[in-house]
>>> print(open('upload.csv').read())   # CSV, C-alpha atoms and all ligand atoms
chain,number,residue,atom,x,y,z
A,827,MET,CA,-119.5,-47.1,1.3
A,828,PHE,CA,-117.5,-45.5,4.1
A,829,PHE,CA,-116.7,-41.7,4.1
A,830,GLN,CA,-114.9,-39.4,6.4
A,831,ILE,CA,-113.4,-35.9,6.0
A,832,ILE,CA,-109.9,-36.1,7.4
A,833,GLU,CA,-109.6,-32.3,7.5
A,834,THR,CA,-111.2,-29.3,5.8
A,835,SER,CA,-110.6,-25.6,6.0
A,836,SER,CA,-108.9,-22.8,4.0
A,837,ALA,CA,-105.7,-24.4,5.3
A,838,GLY,CA,-106.1,-27.9,4.1
A,839,ASN,CA,-108.6,-30.4,2.6
A,840,CYS,CA,-108.6,-34.2,2.4
A,841,ALA,CA,-111.3,-36.8,2.7
A,842,TYR,CA,-111.3,-40.6,2.6
A,843,LEU,CA,-113.8,-42.7,0.7
A,844,GLU,CA,-114.0,-46.5,0.6
A,845,CYS,CA,-116.4,-47.8,-1.9
A,846,GLY,CA,-116.8,-51.2,-3.7
A,847,GLY,CA,-113.3,-52.3,-2.6
A,848,ALA,CA,-111.7,-49.1,-3.8
A,849,ARG,CA,-109.9,-46.8,-1.3
A,850,VAL,CA,-109.5,-43.2,-2.4
A,851,LEU,CA,-108.8,-39.7,-1.2
A,852,ILE,CA,-110.6,-36.6,-2.4
A,853,ASP,CA,-107.8,-34.0,-2.5
A,854,ALA,CA,-104.6,-34.4,-0.6
A,855,GLY,CA,-104.1,-30.9,0.9
A,856,VAL,CA,-102.8,-31.8,4.3
A,857,GLY,CA,-99.4,-33.1,5.5
A,858,ILE,CA,-98.6,-36.6,4.4
A,859,ARG,CA,-98.0,-37.6,8.0
A,860,LYS,CA,-101.6,-36.7,8.8
A,861,ILE,CA,-102.8,-38.9,6.0
A,862,GLU,CA,-100.5,-41.7,7.1
A,863,SER,CA,-101.7,-41.6,10.7
A,864,TYR,CA,-105.4,-41.5,9.5
A,865,MET,CA,-104.8,-44.6,7.4
A,866,ARG,CA,-103.1,-46.3,10.4
A,867,SER,CA,-106.2,-45.5,12.5
A,868,LEU,CA,-108.1,-47.7,10.0
A,869,SER,CA,-105.4,-50.4,10.2
A,870,LEU,CA,-104.3,-49.4,6.7
A,871,SER,CA,-101.2,-47.8,5.1
A,872,LEU,CA,-100.6,-45.4,2.3
A,873,ASP,CA,-100.0,-48.4,0.0
A,874,ASP,CA,-103.6,-49.4,0.4
A,875,LEU,CA,-104.9,-46.3,-1.4
A,876,ASP,CA,-106.0,-46.9,-5.0
A,877,GLY,CA,-106.6,-43.3,-6.1
A,878,ILE,CA,-106.6,-39.6,-5.4
A,879,PHE,CA,-109.2,-37.3,-6.9
A,880,VAL,CA,-107.8,-33.8,-7.2
A,881,THR,CA,-110.2,-30.7,-7.4
A,882,HIS,CA,-107.6,-28.0,-8.3
A,883,GLU,CA,-104.0,-26.9,-7.9
A,884,HIS,CA,-104.2,-24.7,-4.8
A,885,SER,CA,-101.9,-26.1,-2.1
A,886,ASP,CA,-104.7,-26.6,0.4
A,887,HIS,CA,-105.9,-29.3,-1.9
A,888,CYS,CA,-102.7,-31.0,-3.2
A,889,LYS,CA,-99.7,-30.3,-0.9
A,890,ALA,CA,-99.2,-34.0,-0.1
A,891,LEU,CA,-99.4,-35.2,-3.7
A,892,LYS,CA,-95.6,-35.2,-4.3
A,893,SER,CA,-95.2,-37.7,-1.4
A,894,PHE,CA,-97.0,-40.3,-3.6
A,895,LYS,CA,-94.4,-40.2,-6.4
A,896,ASN,CA,-93.0,-43.6,-5.5
A,897,ALA,CA,-96.3,-45.2,-4.5
A,898,ARG,CA,-96.8,-48.5,-6.2
A,899,GLN,CA,-100.4,-48.2,-7.2
A,900,VAL,CA,-102.0,-44.8,-6.4
A,901,LYS,CA,-103.5,-43.3,-9.5
A,902,VAL,CA,-104.0,-39.5,-9.4
A,903,PHE,CA,-107.1,-38.2,-11.2
A,904,ALA,CA,-107.4,-34.6,-12.5
A,905,ASN,CA,-108.3,-32.8,-15.7
A,906,ARG,CA,-105.5,-31.8,-18.1
A,907,LEU,CA,-105.1,-28.2,-17.1
A,908,THR,CA,-105.1,-29.0,-13.4
A,909,ALA,CA,-102.5,-31.8,-13.8
A,910,GLU,CA,-100.3,-29.5,-15.9
A,911,SER,CA,-100.5,-26.7,-13.3
A,912,ILE,CA,-99.6,-29.0,-10.4
A,913,GLN,CA,-96.7,-30.5,-12.4
A,914,TYR,CA,-95.5,-26.9,-13.2
A,915,LEU,CA,-95.8,-25.8,-9.6
A,916,GLU,CA,-94.2,-29.0,-8.2
A,917,PRO,CA,-92.0,-30.8,-10.7
A,918,ASP,CA,-91.7,-33.9,-8.5
A,919,THR,CA,-95.4,-34.6,-9.2
A,920,LYS,CA,-94.5,-35.5,-12.8
A,921,LYS,CA,-93.7,-38.9,-11.5
A,922,LEU,CA,-97.2,-39.6,-10.2
A,923,LYS,CA,-99.5,-42.0,-12.0
A,924,TRP,CA,-101.7,-39.4,-13.6
A,925,GLN,CA,-105.1,-40.3,-15.0
A,926,VAL,CA,-106.4,-37.4,-17.0
A,927,PHE,CA,-110.2,-37.0,-17.5
A,928,GLU,CA,-112.5,-34.6,-19.2
A,929,ASN,CA,-114.9,-32.6,-17.1
A,930,GLY,CA,-118.5,-33.7,-17.6
A,931,SER,CA,-117.6,-37.2,-19.0
A,932,PRO,CA,-118.4,-39.8,-16.4
A,933,PHE,CA,-116.0,-42.7,-16.0
A,934,ASP,CA,-115.7,-45.8,-13.9
A,935,PHE,CA,-113.1,-46.5,-11.3
A,936,CYS,CA,-113.3,-49.8,-9.4
A,937,GLY,CA,-117.1,-49.7,-9.7
A,938,ILE,CA,-117.5,-46.1,-8.7
A,939,LYS,CA,-119.1,-43.9,-11.4
A,940,VAL,CA,-117.1,-40.7,-11.2
A,941,THR,CA,-118.2,-37.4,-12.8
A,942,ALA,CA,-116.1,-34.3,-12.5
A,943,PHE,CA,-117.9,-31.0,-13.1
A,944,SER,CA,-116.7,-27.5,-13.7
A,945,ILE,CA,-116.9,-25.0,-10.9
A,946,PRO,CA,-116.0,-21.3,-11.0
A,947,HIS,CA,-112.7,-20.7,-9.1
A,948,ASP,CA,-109.5,-18.8,-9.7
A,949,THR,CA,-107.5,-21.7,-10.9
A,950,SER,CA,-106.9,-23.3,-14.3
A,951,ASP,CA,-109.9,-25.6,-14.4
A,952,ALA,CA,-111.3,-26.4,-10.9
A,953,VAL,CA,-113.9,-29.2,-10.5
A,954,GLY,CA,-116.3,-30.7,-8.0
A,955,TYR,CA,-117.0,-34.4,-8.0
A,956,LYS,CA,-120.0,-36.7,-8.0
A,957,PHE,CA,-119.2,-40.3,-6.9
A,958,GLY,CA,-122.0,-42.7,-7.7
A,959,PHE,CA,-122.3,-46.2,-6.2
A,960,GLU,CA,-125.3,-48.5,-6.2
A,961,GLY,CA,-127.7,-45.7,-7.0
A,962,ARG,CA,-126.4,-43.2,-4.4
A,963,ASN,CA,-124.3,-40.2,-4.9
A,964,LEU,CA,-121.7,-38.4,-2.9
A,965,VAL,CA,-121.1,-34.9,-4.2
A,966,TRP,CA,-118.1,-32.8,-3.2
A,967,MET,CA,-118.3,-29.1,-3.9
A,968,THR,CA,-115.8,-26.7,-2.3
A,969,ASP,CA,-113.9,-23.7,-3.7
A,970,LEU,CA,-116.5,-22.1,-5.9
A,971,GLY,CA,-117.2,-18.4,-6.2
A,972,LYS,CA,-120.9,-18.8,-7.1
A,973,LEU,CA,-123.6,-21.4,-7.4
A,974,THR,CA,-124.0,-22.1,-11.1
A,975,HIS,CA,-126.9,-24.0,-12.5
A,976,LEU,CA,-124.6,-27.0,-12.9
A,977,ALA,CA,-123.5,-26.9,-9.3
A,978,ARG,CA,-127.1,-26.6,-8.1
A,979,ASP,CA,-128.1,-29.5,-10.3
A,980,MET,CA,-125.3,-31.7,-8.8
A,981,ALA,CA,-126.3,-30.7,-5.3
A,982,ARG,CA,-129.8,-31.8,-6.0
A,983,GLN,CA,-128.6,-35.3,-7.0
A,984,ALA,CA,-126.6,-35.7,-3.8
A,985,HIS,CA,-127.5,-38.2,-1.0
A,986,ILE,CA,-124.3,-37.1,0.7
A,987,LEU,CA,-123.2,-33.5,0.1
A,988,VAL,CA,-120.0,-31.8,1.0
A,989,LEU,CA,-120.6,-28.1,0.5
A,990,GLU,CA,-118.4,-25.1,1.1
A,991,SER,CA,-119.5,-22.5,3.6
A,992,ASN,CA,-116.3,-20.5,3.6
A,993,TYR,CA,-116.8,-17.0,5.1
A,994,CYS,CA,-119.1,-14.7,7.0
A,995,PRO,CA,-119.3,-11.5,4.9
A,996,LYS,CA,-119.1,-9.3,8.1
A,997,MET,CA,-116.2,-11.1,9.5
A,998,LEU,CA,-114.4,-11.0,6.2
A,999,GLU,CA,-115.0,-7.2,5.9
A,1000,ASN,CA,-113.8,-6.6,9.5
A,1001,SER,CA,-110.7,-8.9,9.1
A,1002,ASN,CA,-107.2,-7.6,8.6
A,1003,ARG,CA,-106.9,-9.2,5.2
A,1004,PRO,CA,-105.6,-7.0,2.4
A,1005,TYR,CA,-108.3,-5.4,0.2
A,1006,SER,CA,-107.2,-7.4,-2.8
A,1007,LEU,CA,-107.6,-10.7,-1.0
A,1008,LYS,CA,-111.1,-9.8,0.3
A,1009,GLN,CA,-112.1,-9.0,-3.3
A,1010,ARG,CA,-110.7,-12.3,-4.5
A,1011,ILE,CA,-112.6,-14.3,-1.9
A,1012,LYS,CA,-115.9,-12.5,-2.6
A,1013,SER,CA,-115.5,-12.7,-6.4
A,1014,PRO,CA,-117.5,-15.1,-8.6
A,1015,HIS,CA,-114.2,-17.1,-8.8
A,1016,GLY,CA,-113.6,-17.1,-5.1
A,1017,HIS,CA,-115.5,-18.9,-2.4
A,1018,LEU,CA,-119.1,-19.4,-1.1
A,1019,SER,CA,-120.2,-17.4,1.8
A,1020,ASN,CA,-122.5,-18.8,4.6
A,1021,LEU,CA,-125.4,-17.0,3.0
A,1022,ASP,CA,-124.7,-18.6,-0.4
A,1023,ALA,CA,-124.5,-22.1,1.3
A,1024,LEU,CA,-127.7,-21.4,3.2
A,1025,GLU,CA,-129.6,-20.4,0.0
A,1026,LEU,CA,-128.6,-23.7,-1.6
A,1027,LEU,CA,-129.5,-25.7,1.5
A,1028,LYS,CA,-133.0,-24.3,1.6
A,1029,SER,CA,-133.6,-25.4,-2.0
A,1030,LEU,CA,-132.7,-29.1,-1.3
A,1031,ASP,CA,-135.2,-31.9,-0.7
A,1032,PRO,CA,-134.7,-33.3,2.8
A,1033,SER,CA,-136.2,-36.6,1.6
A,1034,VAL,CA,-133.3,-37.0,-0.9
A,1035,VAL,CA,-130.2,-35.6,0.8
A,1036,GLU,CA,-129.3,-37.7,3.9
A,1037,LYS,CA,-126.2,-35.9,5.1
A,1038,ILE,CA,-124.6,-32.5,4.5
A,1039,TYR,CA,-121.2,-31.6,5.6
A,1040,LEU,CA,-120.5,-27.8,5.7
A,1041,ALA,CA,-116.8,-27.6,4.8
A,1042,HIS,CA,-113.8,-25.4,3.8
A,1043,ILE,CA,-114.6,-23.0,6.6
A,1044,SER,CA,-112.2,-20.1,7.1
A,1045,LYS,CA,-110.5,-19.9,10.5
A,1046,GLU,CA,-110.2,-16.1,10.5
A,1047,CYS,CA,-113.3,-15.1,8.6
A,1048,ASN,CA,-116.0,-17.5,9.9
A,1049,SER,CA,-117.0,-19.5,12.9
A,1050,VAL,CA,-119.0,-22.5,13.7
A,1051,SER,CA,-121.3,-20.5,16.0
A,1052,ARG,CA,-122.0,-17.9,13.2
A,1053,ILE,CA,-123.0,-20.8,10.9
A,1054,SER,CA,-125.1,-22.4,13.6
A,1055,GLU,CA,-127.1,-19.2,14.1
A,1056,LEU,CA,-127.9,-19.0,10.4
A,1057,LEU,CA,-128.9,-22.6,10.2
A,1058,CYS,CA,-132.0,-21.9,12.4
A,1059,ASP,CA,-133.3,-20.5,9.2
A,1060,ALA,CA,-132.6,-23.6,7.1
A,1061,GLY,CA,-135.9,-25.5,7.8
A,1062,GLY,CA,-136.2,-29.3,7.7
A,1063,ILE,CA,-132.8,-29.8,6.2
A,1064,CYS,CA,-131.2,-28.6,9.4
A,1065,SER,CA,-131.1,-32.0,11.2
A,1066,HIS,CA,-129.0,-33.4,8.2
A,1067,ILE,CA,-126.2,-30.9,8.6
A,1068,GLU,CA,-122.8,-31.3,10.2
A,1069,ILE,CA,-120.5,-28.3,10.4
A,1070,VAL,CA,-116.9,-29.5,10.2
A,1071,PRO,CA,-114.8,-27.1,12.3
A,1072,PRO,CA,-111.8,-25.5,10.6
A,1073,PHE,CA,-109.3,-27.1,12.8
A,1074,SER,CA,-107.4,-30.4,12.5
A,1075,VAL,CA,-110.3,-32.6,13.2
A,1076,CYS,CA,-112.1,-35.3,11.3
A,1077,SER,CA,-115.8,-35.3,10.5
A,1078,THR,CA,-117.9,-38.0,12.0
A,1079,PRO,CA,-117.5,-41.2,9.9
A,1080,LEU,CA,-120.4,-42.2,7.7
A,1081,GLU,CA,-121.3,-45.7,6.6
A,1082,PHE,CA,-123.9,-45.9,3.9
A,1101,ZN,ZN,-109.3,-24.4,-1.0
A,1102,ZN,ZN,-108.9,-23.0,-4.0
>>> encode(input="upload.csv", output="structure tokens")
Amino acid sequence: MFFQIIETSSAGNCAYLECGGARVLIDAGVGIRKIESYMRSLSLSLDDLDGIFVTHEHSDHCKALKSFKNARQVKVFANRLTAESIQYLEPDTKKLKWQVFENGSPFDFCGIKVTAFSIPHDTSDAVGYKFGFEGRNLVWMTDLGKLTHLARDMARQAHILVLESNYCPKMLENSNRPYSLKQRIKSPHGHLSNLDALELLKSLDPSVVEKIYLAHISKECNSVSRISELLCDAGGICSHIEIVPPFSVCSTPLEF
């Protein structure tokens, strides 16, 4: 299994996972050229992708999807409401090879056991994902307004966890963002704060989770140094954590 986040922030999200011969993206919320140049860096092309797993219809998660409309083999996975929303917002995406799933019903894709689970976010039907392969799980969980029992349960099953740590409450409050947007971000259907993420991290077992990426960090309302300060409080899990900066940078690659 090979995994790397190509980019993650409030401005764009996309990750690459290679597993059991399948090459997939998790979200496609960056420019297609960026995805293309990333694939080239692995000596691959866009045609080598087998699937794209979409979490929800916000553009920072699906802006490159339309560029796959003529792709020969890329299947695009989403639940029905998300697929319909994306097709409504961007009619060109009707030509994609959609594979519609139901939340909570695991399915197999090229040997990967995929489970999409509901998360609370202000879109039609946002999901996180658990990708299981040879007894190990990668769990992707960004864009959720609060930590539900289901989200906590999924995090506990993760050997590799991608977790949102979107905003610092003080920086959000002091930002120039309109009042309505601040309320949206803080709402139970918005995003996780650093404190929310920290609370979850402290509840995880360091002997189970091997690597945690803190992701979907806001450029304006958060900072890597602010998160680092908080992590001093995270205990034994701290050495497993990588903060992915909210700029156009990849995470460190992971082979497992
Ligand atoms: Zn997002
Ligand atoms: Zn979103």
>>> closest_residue(input="upload.csv", among="A:Gly855, A:Pro1014, A:Gly877, A:Gly847", to="ligand ZN 1101 (chain A)", atoms="only C-alpha atoms and all ligand atoms")
A:Gly855
>>> residues_around(input="upload.csv", residues="range 828-844 of chain A", least_positions_apart="2", cutoff="8 Å", atoms="all atoms listed in the file", output="PyMOL selection string")
chain A and resi 846-856+861+864+885-887+992+1041-1045+1070-1082
>>> write_last_selection(input="upload.csv", atoms="C-alpha atoms", output="short mmCIF file (atom, residue, chain, number, x, y, z; two decimals), in the frame of the given file")
data_model
loop_
_atom_site.label_atom_id
_atom_site.label_comp_id
_atom_site.auth_asym_id
_atom_site.auth_seq_id
_atom_site.Cartn_x
_atom_site.Cartn_y
_atom_site.Cartn_z
CA GLY A 846 -116.80 -51.20 -3.70
CA GLY A 847 -113.30 -52.30 -2.60
CA ALA A 848 -111.70 -49.10 -3.80
CA ARG A 849 -109.90 -46.80 -1.30
CA VAL A 850 -109.50 -43.20 -2.40
CA LEU A 851 -108.80 -39.70 -1.20
CA ILE A 852 -110.60 -36.60 -2.40
CA ASP A 853 -107.80 -34.00 -2.50
CA ALA A 854 -104.60 -34.40 -0.60
CA GLY A 855 -104.10 -30.90 0.90
CA VAL A 856 -102.80 -31.80 4.30
CA ILE A 861 -102.80 -38.90 6.00
CA TYR A 864 -105.40 -41.50 9.50
CA SER A 885 -101.90 -26.10 -2.10
CA ASP A 886 -104.70 -26.60 0.40
CA HIS A 887 -105.90 -29.30 -1.90
CA ASN A 992 -116.30 -20.50 3.60
CA ALA A 1041 -116.80 -27.60 4.80
CA HIS A 1042 -113.80 -25.40 3.80
CA ILE A 1043 -114.60 -23.00 6.60
CA SER A 1044 -112.20 -20.10 7.10
CA LYS A 1045 -110.50 -19.90 10.50
CA VAL A 1070 -116.90 -29.50 10.20
CA PRO A 1071 -114.80 -27.10 12.30
CA PRO A 1072 -111.80 -25.50 10.60
CA PHE A 1073 -109.30 -27.10 12.80
CA SER A 1074 -107.40 -30.40 12.50
CA VAL A 1075 -110.30 -32.60 13.20
CA CYS A 1076 -112.10 -35.30 11.30
CA SER A 1077 -115.80 -35.30 10.50
CA THR A 1078 -117.90 -38.00 12.00
CA PRO A 1079 -117.50 -41.20 9.90
CA LEU A 1080 -120.40 -42.20 7.70
CA GLU A 1081 -121.30 -45.70 6.60
CA PHE A 1082 -123.90 -45.90 3.90
#
>>> closest_atom_pairs(input="upload.csv", of="chain A", to="ligand ZN 1102 (chain A)", cutoff="7 Å", atoms="all atoms listed in the file", output="JSON lines")
{"residue": "A:His882", "atom": "CA", "partner": "A:ZN1102", "partner_atom": "ZN", "distance": 6.7}
{"residue": "A:His884", "atom": "CA", "partner": "A:ZN1102", "partner_atom": "ZN", "distance": 5.1}
{"residue": "A:His947", "atom": "CA", "partner": "A:ZN1102", "partner_atom": "ZN", "distance": 6.8}
{"residue": "A:Asp969", "atom": "CA", "partner": "A:ZN1102", "partner_atom": "ZN", "distance": 5.1}
>>> residues_near_point(input="upload.csv", point="(-118.3, -38.3, -0.8)", cutoff="8 Å", atoms="all atoms listed in the file", output="VMD selection string")
chain A and resid 829 841 843 956 to 957 963 to 966 986 to 988
>>> residues_near_point(input="upload.csv", point="(-96.2, -34.1, 3.6)", cutoff="7 Å", atoms="all atoms listed in the file", output="list in words")
Gly857, Ile858, Arg859, Lys889, Ala890 and Ser893 of chain A
>>> closest_residue(input="upload.csv", among="A:Ser1013, A:Ser1054, A:Gln925, A:Thr974", to="Thr908 in chain A", atoms="only C-alpha atoms")
A:Gln925
>>> axis_aligned_box(input="upload.csv", around="range 1017-1020 of chain A", padding_each_side="5 Å", output="AutoDock Vina command-line options")
--center_x -119.0 --center_y -18.4 --center_z 1.1 --size_x 17.0 --size_y 12.0 --size_z 17.0
>>> closest_residue(input="upload.csv", among="A:Glu1025, A:Glu910, A:Asp874, A:Asp948", to="ligand ZN 1101 (chain A)", atoms="all atoms listed in the file")
A:Asp948
>>> closest_residue(input="upload.csv", among="A:Ala897, A:Ala984, A:Cys845, A:Leu1018", to="ligand ZN 1101 (chain A)", atoms="only C-alpha atoms and all ligand atoms")
A:Leu1018
>>> atom_distance(input="upload.csv", atom1="CA of Tyr955 in chain A", atom2="CA of Thr941 in chain A")
5.8 Å
>>> atom_distance(input="upload.csv", atom1="CA of Gly971 in chain A", atom2="CA of Cys994 in chain A")
13.8 Å
>>> atom_distance(input="upload.csv", atom1="CA of Ile945 in chain A", atom2="CA of His1017 in chain A")
10.6 Å
>>> residues_around(input="upload.csv", residues="range 917-923 of chain A", least_positions_apart="6", cutoff="8 Å", atoms="all atoms listed in the file", output="ChimeraX atom specification")
/A:891-892,894-896,899-902
>>> closest_residue(input="upload.csv", among="A:Val940, A:Cys1047, A:Ala981, A:Ile878", to="Leu1026 in chain A", atoms="all atoms listed in the file")
A:Ala981
>>> closest_residue(input="upload.csv", among="A:Asn929, A:Ser1033, A:Thr881, A:Ser871", to="His985 in chain A", atoms="all atoms listed in the file")
A:Ser1033
>>> residues_around(input="upload.csv", residues="Glu999 in chain A", least_positions_apart="3", cutoff="8 Å", atoms="all atoms listed in the file", output="PDB file with C-alpha atoms, keeping the file's coordinate frame")
ATOM      1  CA  PRO A 995    -119.300 -11.500   4.900  1.00  0.00           C
ATOM      2  CA  LYS A 996    -119.100  -9.300   8.100  1.00  0.00           C
ATOM      3  CA  LYS A1008    -111.100  -9.800   0.300  1.00  0.00           C
TER       4      LYS A1008
END
>>> residues_around(input="upload.csv", residues="Leu1007 in chain A", least_positions_apart="5", cutoff="10 Å", atoms="all atoms listed in the file", output="MDAnalysis selection string")
chainID A and resid 998 1012:1013 1016
>>> write_last_selection(input="upload.csv", atoms="C-alpha atoms", output="PDB file, in the frame of the given file")
ATOM      1  CA  LEU A 998    -114.400 -11.000   6.200  1.00  0.00           C
ATOM      2  CA  LYS A1012    -115.900 -12.500  -2.600  1.00  0.00           C
ATOM      3  CA  SER A1013    -115.500 -12.700  -6.400  1.00  0.00           C
ATOM      4  CA  GLY A1016    -113.600 -17.100  -5.100  1.00  0.00           C
TER       5      GLY A1016
END
>>> residues_around(input="upload.csv", residues="Phe943 in chain A", least_positions_apart="5", cutoff="6 Å", atoms="all atoms listed in the file", output="PyMOL selection string")
chain A and resi 929-930+953-954
